[in-house]
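Participant: See my_file05.cif below, with mmCIF, C-alpha atoms.
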```cif
data_coords
loop_
_atom_site.group_PDB
_atom_site.id
_atom_site.type_symbol
_atom_site.label_atom_id
_atom_site.label_comp_id
_atom_site.auth_asym_id
_atom_site.auth_seq_id
_atom_site.Cartn_x
_atom_site.Cartn_y
_atom_site.Cartn_z
ATOM 1 C CA MET T 114 0.000 0.000 0.000
ATOM 2 C CA ASP T 115 0.898 3.641 -0.421
ATOM 3 C CA VAL T 116 0.400 5.057 3.087
ATOM 4 C CA LEU T 117 0.302 8.710 4.134
ATOM 5 C CA VAL T 118 1.424 9.268 7.735
ATOM 6 C CA SER T 119 1.069 12.467 9.745
ATOM 7 C CA GLY T 120 3.048 12.861 12.947
ATOM 8 C CA ALA T 121 5.729 10.624 11.446
ATOM 9 C CA THR T 122 8.473 11.903 13.765
ATOM 10 C CA GLY T 123 6.469 11.487 16.988
ATOM 11 C CA LEU T 124 6.652 8.630 19.481
ATOM 12 C CA ILE T 125 4.287 6.383 17.513
ATOM 13 C CA GLY T 126 5.173 7.595 14.032
ATOM 14 C CA SER T 127 8.891 6.966 14.577
ATOM 15 C CA ALA T 128 8.124 3.305 15.234
ATOM 16 C CA LEU T 129 5.358 2.939 12.641
ATOM 17 C CA VAL T 130 7.106 4.328 9.547
ATOM 18 C CA PRO T 131 10.014 1.813 9.616
ATOM 19 C CA ALA T 132 7.537 -1.033 10.248
ATOM 20 C CA LEU T 133 5.458 -0.013 7.239
ATOM 21 C CA ARG T 134 8.523 0.181 5.019
ATOM 22 C CA ASP T 135 9.860 -3.138 6.306
ATOM 23 C CA GLY T 136 6.469 -4.609 5.361
ATOM 24 C CA GLY T 137 6.915 -3.486 1.765
ATOM 25 C CA HIS T 138 4.641 -0.432 1.943
ATOM 26 C CA GLN T 139 5.448 2.946 0.450
ATOM 27 C CA VAL T 140 5.242 5.826 2.945
ATOM 28 C CA ARG T 141 4.548 9.508 2.372
ATOM 29 C CA ARG T 142 5.107 11.794 5.369
ATOM 30 C CA LEU T 143 2.750 14.714 5.999
ATOM 31 C CA THR T 144 4.991 17.443 7.389
ATOM 32 C CA ARG T 145 4.922 21.112 8.348
ATOM 33 C CA SER T 146 8.680 21.567 8.378
ATOM 34 C CA GLY T 147 9.148 22.563 4.738
ATOM 35 C CA ASP T 148 10.911 19.250 4.193
ATOM 36 C CA SER T 149 11.905 18.868 0.548
ATOM 37 C CA SER T 150 12.412 15.104 0.764
ATOM 38 C CA GLU T 151 10.843 13.018 -1.969
ATOM 39 C CA ASP T 152 8.443 11.358 0.494
ATOM 40 C CA ALA T 153 7.325 14.612 2.166
ATOM 41 C CA VAL T 154 3.890 16.190 1.633
ATOM 42 C CA GLY T 155 3.444 19.692 3.021
ATOM 43 C CA TRP T 156 0.586 21.016 5.127
ATOM 44 C CA ASP T 157 -0.206 23.705 7.690
ATOM 45 C CA PRO T 158 -3.374 22.869 9.655
ATOM 46 C CA SER T 159 -3.483 26.231 11.428
ATOM 47 C CA ALA T 160 -3.506 27.995 8.066
ATOM 48 C CA GLY T 161 -5.844 25.435 6.492
ATOM 49 C CA THR T 162 -3.414 24.578 3.694
ATOM 50 C CA ILE T 163 -2.319 21.201 2.339
ATOM 51 C CA ASP T 164 -0.590 19.892 -0.793
ATOM 52 C CA VAL T 165 -3.591 18.220 -2.411
ATOM 53 C CA ALA T 166 -1.545 16.839 -5.310
ATOM 54 C CA GLY T 167 0.735 15.101 -2.819
ATOM 55 C CA LEU T 168 -2.229 13.110 -1.529
ATOM 56 C CA GLU T 169 -3.411 11.781 -4.861
ATOM 57 C CA GLY T 170 -3.030 8.032 -5.162
ATOM 58 C CA VAL T 171 -2.611 7.177 -1.497
ATOM 59 C CA ASP T 172 -4.264 3.918 -0.447
ATOM 60 C CA ALA T 173 -4.393 4.612 3.280
ATOM 61 C CA VAL T 174 -3.938 7.465 5.742
ATOM 62 C CA VAL T 175 -2.634 7.153 9.302
ATOM 63 C CA HIS T 176 -3.209 10.424 11.126
ATOM 64 C CA LEU T 177 -1.123 10.725 14.303
ATOM 65 C CA ALA T 178 -0.330 14.448 14.498
ATOM 66 C CA GLY T 179 -1.320 16.583 17.476
ATOM 67 C CA GLU T 180 0.094 18.885 20.146
ATOM 68 C CA ASN T 181 1.913 16.989 22.896
ATOM 69 C CA ILE T 182 -0.320 16.779 25.982
ATOM 70 C CA VAL T 183 2.664 16.720 28.364
ATOM 71 C CA GLY T 184 3.146 19.933 30.330
ATOM 72 C CA ARG T 185 1.000 22.224 32.474
ATOM 73 C CA TRP T 186 -2.300 22.969 30.784
ATOM 74 C CA THR T 187 -2.565 26.713 30.498
ATOM 75 C CA SER T 188 -5.486 28.095 28.499
ATOM 76 C CA ALA T 189 -3.178 28.513 25.511
ATOM 77 C CA LYS T 190 -1.837 24.950 25.853
ATOM 78 C CA LYS T 191 -5.353 23.511 26.027
ATOM 79 C CA ALA T 192 -6.330 25.447 22.918
ATOM 80 C CA ARG T 193 -3.325 24.018 21.060
ATOM 81 C CA ILE T 194 -4.150 20.476 22.231
ATOM 82 C CA ARG T 195 -7.711 20.792 20.958
ATOM 83 C CA ASP T 196 -7.126 22.795 17.785
ATOM 84 C CA SER T 197 -4.169 20.727 16.549
ATOM 85 C CA ARG T 198 -6.334 17.610 16.702
ATOM 86 C CA VAL T 199 -9.724 18.876 15.610
ATOM 87 C CA GLU T 200 -8.619 21.321 12.913
ATOM 88 C CA GLY T 201 -5.878 19.052 11.598
ATOM 89 C CA THR T 202 -8.216 16.057 11.371
ATOM 90 C CA GLY T 203 -10.932 18.139 9.739
ATOM 91 C CA LEU T 204 -8.566 19.525 7.100
ATOM 92 C CA LEU T 205 -7.154 16.095 6.268
ATOM 93 C CA ALA T 206 -10.583 14.400 6.199
ATOM 94 C CA GLU T 207 -12.107 17.088 3.971
ATOM 95 C CA THR T 208 -9.143 16.945 1.595
ATOM 96 C CA ILE T 209 -9.116 13.187 1.113
ATOM 97 C CA ALA T 210 -12.914 13.191 0.737
ATOM 98 C CA GLU T 211 -12.524 15.462 -2.299
ATOM 99 C CA LEU T 212 -9.772 13.451 -4.009
ATOM 100 C CA SER T 213 -10.624 11.903 -7.359
ATOM 101 C CA THR T 214 -9.959 8.517 -5.762
ATOM 102 C CA PRO T 215 -10.107 8.717 -1.952
ATOM 103 C CA PRO T 216 -8.025 6.244 0.083
ATOM 104 C CA GLY T 217 -9.753 3.097 1.244
ATOM 105 C CA VAL T 218 -9.047 3.686 4.933
ATOM 106 C CA MET T 219 -8.234 6.543 7.292
ATOM 107 C CA VAL T 220 -6.809 5.611 10.683
ATOM 108 C CA SER T 221 -7.415 8.755 12.718
ATOM 109 C CA THR T 222 -6.130 8.360 16.231
ATOM 110 C CA SER T 223 -7.911 9.085 19.478
ATOM 111 C CA ALA T 224 -7.284 8.115 23.099
ATOM 112 C CA THR T 225 -8.813 6.317 26.047
ATOM 113 C CA GLY T 226 -9.126 9.803 27.507
ATOM 114 C CA TYR T 227 -12.467 9.682 25.651
ATOM 115 C CA TYR T 228 -13.937 7.889 28.668
ATOM 116 C CA GLY T 229 -12.830 10.341 31.357
ATOM 117 C CA ASP T 230 -12.399 9.124 34.945
ATOM 118 C CA ARG T 231 -14.654 6.052 35.366
ATOM 119 C CA GLY T 232 -13.437 4.144 38.425
ATOM 120 C CA ASN T 233 -14.038 0.375 38.156
ATOM 121 C CA GLU T 234 -16.500 0.567 35.236
ATOM 122 C CA LEU T 235 -15.596 -1.761 32.366
ATOM 123 C CA LEU T 236 -15.215 0.428 29.270
ATOM 124 C CA ARG T 237 -15.870 -0.926 25.790
ATOM 125 C CA GLU T 238 -16.010 0.988 22.534
ATOM 126 C CA ASP T 239 -19.744 1.645 22.902
ATOM 127 C CA SER T 240 -19.393 3.089 26.417
ATOM 128 C CA ALA T 241 -20.495 6.693 26.900
ATOM 129 C CA PRO T 242 -17.853 9.449 26.799
ATOM 130 C CA GLY T 243 -16.615 11.228 29.896
ATOM 131 C CA ASN T 244 -17.231 14.861 30.725
ATOM 132 C CA ASN T 245 -13.779 16.358 31.321
ATOM 133 C CA PHE T 246 -11.489 18.334 28.993
ATOM 134 C CA LEU T 247 -9.746 15.368 27.340
ATOM 135 C CA ALA T 248 -13.024 13.543 26.808
ATOM 136 C CA GLY T 249 -14.409 16.598 25.031
ATOM 137 C CA VAL T 250 -11.302 16.859 22.854
ATOM 138 C CA CYS T 251 -11.567 13.170 21.907
ATOM 139 C CA ARG T 252 -15.249 13.519 20.968
ATOM 140 C CA GLU T 253 -14.524 16.479 18.678
ATOM 141 C CA TRP T 254 -11.354 14.812 17.370
ATOM 142 C CA GLU T 255 -13.245 11.718 16.244
ATOM 143 C CA ALA T 256 -16.184 13.719 14.883
ATOM 144 C CA ALA T 257 -13.845 15.793 12.714
ATOM 145 C CA ALA T 258 -13.236 12.761 10.458
ATOM 146 C CA THR T 259 -16.948 12.324 9.682
ATOM 147 C CA VAL T 260 -16.680 13.955 6.246
ATOM 148 C CA ALA T 261 -14.227 11.240 5.124
ATOM 149 C CA ARG T 262 -16.572 8.519 6.365
ATOM 150 C CA GLU T 263 -19.455 10.108 4.454
ATOM 151 C CA ALA T 264 -17.296 10.010 1.317
ATOM 152 C CA GLY T 265 -17.021 6.223 1.608
ATOM 153 C CA VAL T 266 -13.659 5.996 3.386
ATOM 154 C CA ARG T 267 -13.405 3.365 6.130
ATOM 155 C CA VAL T 268 -12.528 5.490 9.160
ATOM 156 C CA VAL T 269 -11.048 3.880 12.277
ATOM 157 C CA HIS T 270 -10.299 5.644 15.566
ATOM 158 C CA PRO T 271 -7.773 3.684 17.629
ATOM 159 C CA ARG T 272 -8.264 4.894 21.188
ATOM 160 C CA PHE T 273 -4.750 4.475 22.525
ATOM 161 C CA GLY T 274 -4.112 3.863 26.182
ATOM 162 C CA ILE T 275 -0.844 4.757 27.934
ATOM 163 C CA VAL T 276 1.790 3.980 25.312
ATOM 164 C CA LEU T 277 4.861 2.400 26.896
ATOM 165 C CA SER T 278 8.175 3.197 25.246
ATOM 166 C CA PRO T 279 11.607 4.013 26.662
ATOM 167 C CA GLU T 280 11.750 6.853 24.122
ATOM 168 C CA GLY T 281 9.094 8.978 25.833
ATOM 169 C CA GLY T 282 5.577 9.043 27.221
ATOM 170 C CA ALA T 283 4.704 7.805 30.707
ATOM 171 C CA LEU T 284 7.538 5.263 30.815
ATOM 172 C CA GLY T 285 10.329 7.230 29.188
ATOM 173 C CA THR T 286 9.753 10.404 31.202
ATOM 174 C CA THR T 287 9.546 8.693 34.616
ATOM 175 C CA LEU T 288 12.291 6.123 34.057
ATOM 176 C CA PRO T 289 15.124 8.262 35.510
ATOM 177 C CA ILE T 290 13.139 8.738 38.746
ATOM 178 C CA PHE T 291 12.409 5.017 39.069
ATOM 179 C CA LYS T 292 16.019 4.097 38.320
ATOM 180 C CA LEU T 293 17.081 6.289 41.235
ATOM 181 C CA GLY T 294 14.619 4.521 43.533
ATOM 182 C CA GLY T 295 12.357 7.554 43.807
ATOM 183 C CA GLY T 296 9.265 6.036 42.207
ATOM 184 C CA GLY T 297 5.980 5.224 43.852
ATOM 185 C CA ARG T 298 2.245 5.009 43.323
ATOM 186 C CA ILE T 299 0.303 8.122 42.368
ATOM 187 C CA GLY T 300 -2.609 9.093 44.591
ATOM 188 C CA SER T 301 -4.424 6.040 45.955
ATOM 189 C CA GLY T 302 -2.857 3.837 43.281
ATOM 190 C CA ARG T 303 -6.256 2.208 42.758
ATOM 191 C CA GLN T 304 -6.877 3.890 39.401
ATOM 192 C CA TYR T 305 -6.692 1.580 36.375
ATOM 193 C CA TRP T 306 -3.910 2.359 33.903
ATOM 194 C CA PRO T 307 -4.760 1.061 30.387
ATOM 195 C CA TRP T 308 -1.241 0.613 29.038
ATOM 196 C CA VAL T 309 -0.048 -0.786 25.707
ATOM 197 C CA ALA T 310 3.510 -1.450 24.509
ATOM 198 C CA ILE T 311 4.706 0.561 21.510
ATOM 199 C CA ASP T 312 5.160 -2.743 19.648
ATOM 200 C CA ASP T 313 1.428 -3.446 19.994
ATOM 201 C CA VAL T 314 0.525 0.110 19.030
ATOM 202 C CA VAL T 315 2.323 -0.465 15.740
ATOM 203 C CA GLY T 316 0.923 -3.991 15.467
ATOM 204 C CA ALA T 317 -2.626 -2.752 16.047
ATOM 205 C CA ILE T 318 -2.320 -0.037 13.395
ATOM 206 C CA LEU T 319 -1.036 -2.555 10.839
ATOM 207 C CA HIS T 320 -3.866 -4.914 11.824
ATOM 208 C CA VAL T 321 -6.455 -2.158 11.425
ATOM 209 C CA LEU T 322 -5.134 -1.255 7.979
ATOM 210 C CA ASP T 323 -5.540 -4.873 6.842
ATOM 211 C CA THR T 324 -8.840 -5.690 8.580
ATOM 212 C CA GLU T 325 -11.762 -4.320 6.600
ATOM 213 C CA SER T 326 -14.305 -5.294 9.242
ATOM 214 C CA LEU T 327 -12.855 -2.790 11.693
ATOM 215 C CA GLU T 328 -14.244 0.732 11.672
ATOM 216 C CA GLY T 329 -15.169 3.425 14.157
ATOM 217 C CA PRO T 330 -13.612 3.443 17.647
ATOM 218 C CA VAL T 331 -11.208 0.626 18.544
ATOM 219 C CA ASN T 332 -9.707 0.444 22.040
ATOM 220 C CA VAL T 333 -5.960 -0.169 21.876
ATOM 221 C CA ALA T 334 -4.824 -1.242 25.344
ATOM 222 C CA VAL T 335 -4.050 -4.604 26.917
ATOM 223 C CA PRO T 336 -6.873 -6.732 28.301
ATOM 224 C CA ASP T 337 -7.237 -6.540 32.094
ATOM 225 C CA PRO T 338 -5.223 -3.363 32.746
ATOM 226 C CA PRO T 339 -3.434 -3.086 36.101
ATOM 227 C CA THR T 340 -3.939 -0.394 38.703
ATOM 228 C CA ASN T 341 -1.325 2.321 39.050
ATOM 229 C CA ALA T 342 -0.071 0.622 42.233
ATOM 230 C CA GLU T 343 0.365 -2.683 40.372
ATOM 231 C CA TYR T 344 2.105 -0.919 37.477
ATOM 232 C CA THR T 345 4.455 0.844 39.891
ATOM 233 C CA LYS T 346 5.329 -2.331 41.774
ATOM 234 C CA THR T 347 6.039 -4.218 38.536
ATOM 235 C CA LEU T 348 8.245 -1.472 37.114
ATOM 236 C CA GLY T 349 10.228 -1.332 40.360
ATOM 237 C CA SER T 350 10.650 -5.098 40.318
ATOM 238 C CA VAL T 351 11.917 -5.104 36.724
ATOM 239 C CA LEU T 352 14.394 -2.325 37.529
ATOM 240 C CA GLY T 353 15.371 -3.891 40.855
ATOM 241 C CA ARG T 354 14.577 -0.638 42.655
ATOM 242 C CA PRO T 355 12.268 0.229 45.572
ATOM 243 C CA THR T 356 9.015 2.106 44.917
ATOM 244 C CA VAL T 357 8.316 3.544 48.351
ATOM 245 C CA PHE T 358 7.862 7.231 47.539
ATOM 246 C CA PRO T 359 4.193 7.781 46.693
ATOM 247 C CA LEU T 360 3.009 11.004 45.087
ATOM 248 C CA PRO T 361 -0.120 12.076 46.993
ATOM 249 C CA ALA T 362 -2.983 13.367 44.880
ATOM 250 C CA PRO T 363 -2.871 16.898 46.378
ATOM 251 C CA ALA T 364 0.847 17.153 45.635
ATOM 252 C CA ALA T 365 0.289 15.946 42.061
ATOM 253 C CA ARG T 366 -2.368 18.626 41.585
ATOM 254 C CA ILE T 367 -0.085 21.347 42.939
ATOM 255 C CA MET T 368 2.735 20.237 40.640
ATOM 256 C CA LEU T 369 0.737 19.581 37.481
ATOM 257 C CA GLY T 370 -2.691 21.149 37.846
ATOM 258 C CA GLN T 371 -5.469 19.700 35.687
ATOM 259 C CA VAL T 372 -3.047 17.247 34.070
ATOM 260 C CA ALA T 373 -2.872 15.307 37.339
ATOM 261 C CA ASP T 374 -6.612 14.661 37.493
ATOM 262 C CA GLU T 375 -7.104 13.845 33.823
ATOM 263 C CA LEU T 376 -3.961 11.818 33.101
ATOM 264 C CA LEU T 377 -2.387 10.464 36.285
ATOM 265 C CA LEU T 378 -5.301 10.050 38.693
ATOM 266 C CA ALA T 379 -8.038 9.127 36.205
ATOM 267 C CA SER T 380 -9.154 5.495 36.168
ATOM 268 C CA GLN T 381 -10.004 3.775 32.876
ATOM 269 C CA ARG T 382 -10.651 0.047 32.977
ATOM 270 C CA VAL T 383 -10.610 -0.358 29.218
ATOM 271 C CA GLU T 384 -11.445 -3.566 27.366
ATOM 272 C CA PRO T 385 -10.136 -3.899 23.775
ATOM 273 C CA ALA T 386 -13.279 -5.758 22.694
ATOM 274 C CA LYS T 387 -13.220 -5.027 18.965
ATOM 275 C CA LEU T 388 -9.495 -5.626 18.587
ATOM 276 C CA ARG T 389 -9.695 -9.049 20.227
ATOM 277 C CA GLU T 390 -12.848 -10.021 18.342
ATOM 278 C CA SER T 391 -11.090 -9.209 15.057
ATOM 279 C CA GLY T 392 -8.319 -11.673 15.857
ATOM 280 C CA TYR T 393 -5.477 -9.402 16.914
ATOM 281 C CA SER T 394 -2.842 -11.233 18.971
ATOM 282 C CA TYR T 395 -0.917 -9.087 21.431
ATOM 283 C CA ARG T 396 2.844 -9.321 21.267
ATOM 284 C CA TYR T 397 3.236 -8.182 24.873
ATOM 285 C CA PRO T 398 -0.010 -8.700 26.826
ATOM 286 C CA GLU T 399 1.660 -8.939 30.268
ATOM 287 C CA LEU T 400 3.228 -5.922 31.944
ATOM 288 C CA GLU T 401 6.382 -7.542 33.285
ATOM 289 C CA GLY T 402 7.213 -9.131 29.935
ATOM 290 C CA ALA T 403 6.557 -5.866 28.118
ATOM 291 C CA LEU T 404 8.773 -3.870 30.474
ATOM 292 C CA ARG T 405 11.595 -6.402 30.290
ATOM 293 C CA HIS T 406 11.434 -6.266 26.503
ATOM 294 C CA LEU T 407 11.276 -2.456 26.332
ATOM 295 C CA LEU T 408 14.012 -1.906 28.915
ATOM 296 C CA GLY T 409 16.276 -4.771 27.901
ATOM 297 C CA ARG T 410 15.978 -6.368 31.333
#
```
Show how you would write the structure in this file as structure tokens.
Facilitator:
Amino acid sequence: MDVLVSGATGLIGSALVPALRDGGHQVRRLTRSGDSSEDAVGWDPSAGTIDVAGLEGVDAVVHLAGENIVGRWTSAKKARIRDSRVEGTGLLAETIAELSTPPGVMVSTSATGYYGDRGNELLREDSAPGNNFLAGVCREWEAAATVAREAGVRVVHPRFGIVLSPEGGALGTTLPIFKLGGGGRIGSGRQYWPWVAIDDVVGAILHVLDTESLEGPVNVAVPDPPTNAEYTKTLGSVLGRPTVFPLPAPAARIMLGQVADELLLASQRVEPAKLRESGYSYRYPELEGALRHLLGR
């Protein structure tokens, strides 16, 4: 396939692009950097511009681009988080819908943040959305691709959980603290953390591209996610370090503001129902095995 990828240099894109090429696919990268490489297609979502000719002939689109959610959420930061996802998705969906031959599939990412903070509730793809900031962003983010769906494109929204990679995200950014023995549970530690190894993020995207029965939201997280306390204990065990320094919820809120409640303290007991029903086989379904693989332990 000829696959267009946005966000190709991000945490997921950096792993996905080589996997696509190793699988014999041709990749075009949607980029804002003015890159003159042969595989680069220019766009500027904030300006509403895109190289339409560069999209002609693509068989599939994987849309990963969006403002990084890490960092304190000021009003300006929240606007960038929302606008980069909603406006970028809308521009891309509208453009491919108007192509002479639209691609067969658009994989437009989302997140388990769609569900908000739900305690012990089991969350499948048909579960209601939450009512916090991230949930609202995810609802608009997914809705922005509607025009492509109406044009006959198979649109899939992988709702990614906490992506584990030593290169960044929740694992990469906290690894130095845990290696020094300063790690610990966050808040009560009872909140469910729906993690997924970067290998399975890539595997799930490839599976979605090849599985025509999959469309709409698809949860991408391991079955039976652990609590934050269980995650913390396992990571400490793999590293051979103690995890006796908890971060109380009030302290997390002082340090991080709204980010603490919506990312670190929120509980999402996600079930990847559609992914399992479609026959996807996880490469790393168990946390200890995944961490040992990712960290070379």
Participant: Please write the residues picked by the PyMOL selection byres ((chain T and resi 395-403) around 7) on this file as a PyMOL selection string.
Facilitator: chain T and resi 310+313+335+347+351+393-394+404-407
Participant: Take the PyMOL selection byres ((chain T and resi 263-273) around 6), run it mentally on this structure, and tell me the resulting residues as a PyMOL selection string.
Facilitator: chain T and resi 210+217-225+260-262+274+328-333
Participant: For Thr286 in chain T, which of T:Leu212, T:Ser150, T:Ala362, T:Gly184 is the closest residue, counting all atoms listed in the file?
Facilitator: T:Gly184
Participant: Box for range 347-352 of chain T - axis-aligned, 8 Å on each of the six sides, all listed atoms - centre and size in Å to one decimal, as AutoDock Vina command-line options.
Facilitator:
```
--center_x 10.2 --center_y -3.2 --center_z 38.5 --size_x 24.4 --size_y 19.8 --size_z 19.6
```
Participant: Of the candidates T:Leu205, T:Val321, T:Ala386, T:Ala373, which one gets nearest to Val118 in chain T if we count only C-alpha atoms?
Facilitator: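 Once distances to Val118 in chain T are computed over only C-alpha atoms, the minimum belongs to T:Leu205.
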Participant: To test your reading of the syntax: which residues would the PyMOL selection byres ((chain T and resi 245) around 9) return for the file shown? Reply as a list in words.
Facilitator: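 Here the PyMOL selection byres ((chain T and resi 245) around 9) matches Gly226, Tyr227, Tyr228, Gly229, Asp230, Gly243, Asn244, Phe246, Leu247, Ala248, Gly249, Val250 and Glu375 of chain T.
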Participant: Just how far from CA of Met368 in chain T is CA of Ser188 in chain T, in Å to one decimal?
Facilitator: 16.6 Å
Participant: Within 9 Å of Glu180 in chain T, counting all atoms listed in the file, which residues qualify if same-chain residues fewer than 4 places away don't, as a short mmCIF file (atom, residue, chain, number, x, y, z; two decimals) with C-alpha atoms, in the coordinates of the input?
Facilitator:
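Result file is selection24.cif:
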```
data_model
loop_
_atom_site.label_atom_id
_atom_site.label_comp_id
_atom_site.auth_asym_id
_atom_site.auth_seq_id
_atom_site.Cartn_x
_atom_site.Cartn_y
_atom_site.Cartn_z
CA LYS T 190 -1.84 24.95 25.85
CA ARG T 193 -3.32 24.02 21.06
CA ILE T 194 -4.15 20.48 22.23
CA ARG T 195 -7.71 20.79 20.96
CA ASP T 196 -7.13 22.80 17.78
CA SER T 197 -4.17 20.73 16.55
CA ARG T 198 -6.33 17.61 16.70
#
```
Participant: Find the residues around Gly136 in chain T up to 12 Å (all atoms listed in the file counted), leave out those fewer than 4 positions away in its own chain, and share them as a PyMOL selection string.
Facilitator: chain T and resi 114-116+129-132+140+315-316+319
Participant: If you measure from CA of Ile163 in chain T to CA of Ile209 in chain T, what distance in Å do you get, rounded to one decimal?
Facilitator: 10.6 Å
Participant: Suppose you want the space between CA of Arg185 in chain T and CA of Ala379 in chain T; what is it in Å?
Facilitator: 16.3 Å
Participant: With all atoms listed in the file as the atoms that count, which of T:Pro355, T:Gly147, T:Gly179, T:Gly161 lies nearest to Arg298 in chain T?
Facilitator: T:Pro355
Participant: Rank T:Leu408, T:Val175, T:Gly295, T:Glu325 by their smallest atom-to-atom distance to Ser391 in chain T, using all atoms listed in the file, and report the top residue only.
Facilitator: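 So, comparing all the options, the nearest one is T:Glu325.
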Participant: Nearest to His138 in chain T: which of T:Leu284, T:Ile275, T:Leu322, T:Ile125 is it, counting only C-alpha atoms?
Facilitator: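 Closest to His138 in chain T of all the choices is T:Leu322.
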Participant: Rank T:Thr324, T:Ser146, T:Ser350, T:Asn341 by their smallest atom-to-atom distance to Leu377 in chain T, using only C-alpha atoms, and report the top residue only.
Facilitator: T:Asn341
Participant: Using all atoms listed in the file, which residues sit within 7 Å of Ile311 in chain T once same-chain residues fewer than 2 positions away are excluded, as a PyMOL selection string?
Facilitator: chain T and resi 276-278+309+313-315
Participant: At a cut-off of 10 Å, using all atoms listed in the file, what residues contact Phe291 in chain T? Leave out same-chain residues fewer than 6 positions from it and give the result as a ChimeraX atom specification.
Facilitator: /T:284,297,345,348-349,352-356,358
Participant: Write out as a PyMOL selection string each polymer residue whose atoms come within 9 Å of Pro336 in chain T, counting only C-alpha atoms; drop sequence neighbours fewer than 4 positions from it.
Facilitator: chain T and resi 307+383-386+389+398
Participant: Got a sec to check which residues sit within 6 Å of (-3.1, 15.3, 1.2), counting all atoms listed in the file, and write them as a list in words?
Facilitator: Asp164, Val165, Gly167 and Leu168 of chain T
Participant: Restricting it to C-alpha atoms, dump the selection as an mmCIF file, in the frame of the given file.
Facilitator:
```cif
data_model
loop_
_atom_site.group_PDB
_atom_site.id
_atom_site.type_symbol
_atom_site.label_atom_id
_atom_site.label_comp_id
_atom_site.auth_asym_id
_atom_site.auth_seq_id
_atom_site.Cartn_x
_atom_site.Cartn_y
_atom_site.Cartn_z
ATOM 1 C CA ASP T 164 -0.590 19.892 -0.793
ATOM 2 C CA VAL T 165 -3.591 18.220 -2.411
ATOM 3 C CA GLY T 167 0.735 15.101 -2.819
ATOM 4 C CA LEU T 168 -2.229 13.110 -1.529
#
```
